[in-house]
Number of protein chains: 2
Amino acid sequence: MQRPFVHPPIETVTLEGLLYALADPVRLEIIRKLGTGTCGMNCQSAAPVTMAKSTQSHHFQILREAGLIKSERRGVEVVNSLRCDEIATKFPGLVPAILKAADVKGRGGAA
Amino acid sequence: MQRPFVHPPIETVTLEGLLYALADPVRLEIIRKLGTGTCGMNCQSAAPVTMAKSTQSHHFQILREAGLIKSERRGVEVVNSLRCDEIATKFPGLVPAILKAADVKGRGGAA
DNA sequence: CCCATTGTTCAAGTTTATTGAACTATTGAA
DNA sequence: TTCAATAGTTCAATAAACTTGAACAATGGG
């Protein structure tokens, strides 16, 4: 909040960084929520309630630095959204494939 | 070597586990090598030469436990191969999408 | 059997993640 | 403006995971 959010330009976004950010169950779930329907979510609604605020903040920072999300201060809260279009420019089909797989996982593999 | 290799059945393979295993640059590179052409590679040829043997062994163990690779003792060496078909059964298009993105990355984004 | 080769296991040091407490920023009300 | 509440961030300390060298195990050739 005190320091402005740093969003890496898409050119500097790396696959390793994306996979690293998505490898954590908590962060994958956040991305799932951001990718499903709603375009913008604040940190509290996107992260698990049982988790410490500092940990939430840390995870959003990693997602942001990986280039996965864009964070904007909207009043007292921070609205986060997926940078799907930009990422698709560099890695076409990557995020959709992972979100699709996450959906399979979430449903236990059945239809 | 002493204990037999443990390969999880495909039903117990999770997306989180796959992403976690692929998030490491070293392991992603290993998977790239295994996925590109050659069907079987031993640990030394698939892992970076600059890396300690124990670290290589550790990375292959993680890839194996994630369900990404199959390891077979062939004489004095261990032959590793990608379990692409099985993974495709549970997560269609996942590994190809990541390998494709890894290829883009390796080439710097240009054609 | 003896030795070289290929990996594994173990213990120790280094790095990274998680958390509570304190702090910053914005909003609304008085 | 001042006070209180809300939403996140930053910091310091603890817990977990990564990396590595040394010792060990297993196979194959002489």
# chains A, B, ... in the order shown; residues from 1 in each chain; ligands from 1
call {"tool": "residues_around", "arguments": {"residues": "segment 1-17 of chain C", "least_positions_apart": "3", "cutoff": "12 Å", "atoms": "only C-alpha atoms (C1' of nucleotides)", "output": "PDB file with C-alpha atoms (C1' of nucleotides), in the first residue's frame"}}
result
ATOM      1  CA  ASP A  24       1.409 -23.340  -4.627  1.00  0.00           C
ATOM      2  CA  SER A  54       0.556 -11.268   5.929  1.00  0.00           C
ATOM      3  CA  THR A  55       0.649 -14.614   4.163  1.00  0.00           C
ATOM      4  CA  GLN A  56      -2.124 -13.537   1.830  1.00  0.00           C
ATOM      5  CA  HIS A  58       2.881 -12.419   0.371  1.00  0.00           C
ATOM      6  CA  HIS A  59       1.078 -14.726  -2.058  1.00  0.00           C
ATOM      7  CA  ILE A  62       4.370 -13.416  -5.742  1.00  0.00           C
TER       8      ILE A  62
ATOM      9  CA  MET B   1      18.779 -47.805  -6.257  1.00  0.00           C
ATOM     10  CA  GLN B   2      18.427 -49.912  -3.179  1.00  0.00           C
ATOM     11  CA  ARG B   3      14.728 -49.317  -2.781  1.00  0.00           C
ATOM     12  CA  PRO B   4      12.492 -49.953  -5.742  1.00  0.00           C
ATOM     13  CA  PHE B   5      11.109 -46.892  -7.488  1.00  0.00           C
ATOM     14  CA  ASN B  42      19.445 -41.529 -17.659  1.00  0.00           C
ATOM     15  CA  CYS B  43      19.771 -39.042 -14.835  1.00  0.00           C
ATOM     16  CA  GLN B  44      23.169 -37.715 -15.786  1.00  0.00           C
ATOM     17  CA  SER B  45      22.232 -36.924 -19.353  1.00  0.00           C
ATOM     18  CA  ALA B  52      25.677 -32.484  -7.517  1.00  0.00           C
ATOM     19  CA  LYS B  53      24.583 -36.071  -8.037  1.00  0.00           C
ATOM     20  CA  SER B  54      22.565 -36.037  -4.846  1.00  0.00           C
ATOM     21  CA  THR B  55      20.663 -32.994  -6.052  1.00  0.00           C
ATOM     22  CA  GLN B  56      19.960 -34.659  -9.384  1.00  0.00           C
ATOM     23  CA  SER B  57      18.669 -37.711  -7.575  1.00  0.00           C
ATOM     24  CA  HIS B  58      16.459 -35.498  -5.436  1.00  0.00           C
ATOM     25  CA  PHE B  60      14.213 -37.058 -10.208  1.00  0.00           C
ATOM     26  CA  GLN B  61      12.580 -38.328  -7.069  1.00  0.00           C
ATOM     27  CA  SER B  71      12.154 -44.598 -13.790  1.00  0.00           C
ATOM     28  CA  GLU B  72      13.514 -48.036 -14.718  1.00  0.00           C
ATOM     29  CA  ARG B  73      16.755 -49.637 -13.692  1.00  0.00           C
ATOM     30  CA  ARG B  74      18.604 -50.647 -16.847  1.00  0.00           C
ATOM     31  CA  GLY B  75      21.845 -52.233 -15.819  1.00  0.00           C
ATOM     32  CA  VAL B  76      23.924 -49.748 -13.919  1.00  0.00           C
ATOM     33  CA  GLU B  77      21.892 -46.764 -14.975  1.00  0.00           C
ATOM     34  CA  VAL B  78      18.328 -45.556 -14.571  1.00  0.00           C
ATOM     35  CA  VAL B  79      16.265 -44.739 -17.618  1.00  0.00           C
TER      36      VAL B  79
ATOM     37  C1'  DT D  14      10.347 -19.660  13.556  1.00  0.00           C
ATOM     38  C1'  DA D  15       9.462 -23.716  10.539  1.00  0.00           C
ATOM     39  C1'  DA D  16       9.988 -26.097   6.222  1.00  0.00           C
ATOM     40  C1'  DA D  17      12.431 -27.201   1.975  1.00  0.00           C
ATOM     41  C1'  DC D  18      16.590 -27.061  -1.139  1.00  0.00           C
ATOM     42  C1'  DT D  19      21.615 -28.087  -2.011  1.00  0.00           C
ATOM     43  C1'  DT D  20      25.606 -30.515  -1.320  1.00  0.00           C
ATOM     44  C1'  DG D  21      29.705 -33.599   0.068  1.00  0.00           C
ATOM     45  C1'  DA D  22      30.674 -38.032   1.928  1.00  0.00           C
ATOM     46  C1'  DA D  23      29.507 -42.672   2.476  1.00  0.00           C
ATOM     47  C1'  DC D  24      26.866 -46.509   0.748  1.00  0.00           C
ATOM     48  C1'  DA D  25      24.496 -49.876  -2.611  1.00  0.00           C
ATOM     49  C1'  DA D  26      24.004 -52.201  -7.117  1.00  0.00           C
ATOM     50  C1'  DT D  27      25.327 -53.523 -11.571  1.00  0.00           C
ATOM     51  C1'  DG D  28      28.957 -54.834 -15.135  1.00  0.00           C
ATOM     52  C1'  DG D  29      33.705 -55.755 -16.984  1.00  0.00           C
ATOM     53  C1'  DG D  30      38.405 -57.659 -16.428  1.00  0.00           C
TER      54       DG D  30
END
call {"tool": "select_by_dssp", "arguments": {"residues": "chain B", "states": "helix (DSSP H, G or I)", "output": "JSON, numbers by chain"}}
result
{"B": [10, 11, 12, 15, 16, 17, 18, 19, 20, 21, 22, 25, 26, 27, 28, 29, 30, 31, 32, 33, 34, 35, 43, 44, 45, 46, 53, 54, 55, 56, 57, 58, 59, 60, 61, 62, 63, 64, 65, 66, 84, 85, 86, 87, 88, 89, 90, 94, 95, 96, 97, 98, 99, 100, 101, 102, 103, 104, 105, 106]}
call {"tool": "closest_residue", "arguments": {"among": "B:Pro25, B:Asn80, B:Asp85, B:Gly67", "to": "Val13 of chain B", "atoms": "only C-alpha atoms"}}
result
B:Gly67
call {"tool": "residues_around", "arguments": {"residues": "Leu22 of chain B", "least_positions_apart": "4", "cutoff": "9 Å", "atoms": "only C-alpha atoms (C1' of nucleotides)", "output": "VMD selection string"}}
result
(chain A and resid 16 19 to 20 23) or (chain B and resid 17 to 18 26 to 29 31 63 68 98)
call {"tool": "interface_residues", "arguments": {"of": "chain C", "to": "chain A", "cutoff": "8 Å", "atoms": "only C-alpha atoms (C1' of nucleotides)", "output": "list in words"}}
result
DT18, DT19, DT24, DA25, DT26 and DT27 of chain C
call {"tool": "decode", "arguments": {"residues": "segment 17-34 of chain B", "atoms": "N, CA and C atoms", "output": "tab-separated table (two decimals), in the first residue's frame"}}
result
chain	number	residue	atom	x	y	z
B	17	GLY	N	0.70	-31.18	-7.54
B	17	GLY	CA	1.95	-31.92	-7.56
B	17	GLY	C	2.70	-31.73	-8.85
B	18	LEU	N	1.99	-31.77	-9.96
B	18	LEU	CA	2.62	-31.59	-11.26
B	18	LEU	C	3.23	-30.19	-11.37
B	19	LEU	N	2.44	-29.18	-11.01
B	19	LEU	CA	2.93	-27.81	-11.11
B	19	LEU	C	4.11	-27.58	-10.17
B	20	TYR	N	3.99	-28.15	-8.99
B	20	TYR	CA	5.09	-28.02	-8.03
B	20	TYR	C	6.38	-28.60	-8.61
B	21	ALA	N	6.25	-29.77	-9.21
B	21	ALA	CA	7.42	-30.43	-9.78
B	21	ALA	C	7.97	-29.63	-10.95
B	22	LEU	N	7.10	-29.05	-11.74
B	22	LEU	CA	7.53	-28.33	-12.94
B	22	LEU	C	7.97	-26.91	-12.64
B	23	ALA	N	7.72	-26.44	-11.43
B	23	ALA	CA	8.02	-25.05	-11.12
B	23	ALA	C	9.52	-24.80	-11.01
B	24	ASP	N	10.28	-25.83	-10.73
B	24	ASP	CA	11.73	-25.66	-10.59
B	24	ASP	C	12.38	-25.63	-11.97
B	25	PRO	N	13.23	-24.65	-12.22
B	25	PRO	CA	13.88	-24.52	-13.53
B	25	PRO	C	14.64	-25.78	-13.93
B	26	VAL	N	15.32	-26.39	-12.98
B	26	VAL	CA	16.08	-27.60	-13.28
B	26	VAL	C	15.15	-28.72	-13.70
B	27	ARG	N	14.07	-28.90	-12.96
B	27	ARG	CA	13.14	-29.99	-13.29
B	27	ARG	C	12.40	-29.71	-14.58
B	28	LEU	N	12.07	-28.46	-14.83
B	28	LEU	CA	11.40	-28.13	-16.08
B	28	LEU	C	12.31	-28.46	-17.26
B	29	GLU	N	13.59	-28.17	-17.10
B	29	GLU	CA	14.55	-28.47	-18.16
B	29	GLU	C	14.67	-29.98	-18.37
B	30	ILE	N	14.65	-30.72	-17.29
B	30	ILE	CA	14.69	-32.18	-17.39
B	30	ILE	C	13.48	-32.68	-18.18
B	31	ILE	N	12.32	-32.18	-17.84
B	31	ILE	CA	11.10	-32.60	-18.52
B	31	ILE	C	11.14	-32.21	-19.99
B	32	ARG	N	11.71	-31.04	-20.25
B	32	ARG	CA	11.86	-30.62	-21.65
B	32	ARG	C	12.69	-31.62	-22.42
B	33	LYS	N	13.81	-32.02	-21.82
B	33	LYS	CA	14.69	-32.99	-22.49
B	33	LYS	C	13.98	-34.32	-22.68
B	34	LEU	N	13.25	-34.75	-21.65
B	34	LEU	CA	12.56	-36.03	-21.75
B	34	LEU	C	11.42	-35.95	-22.77
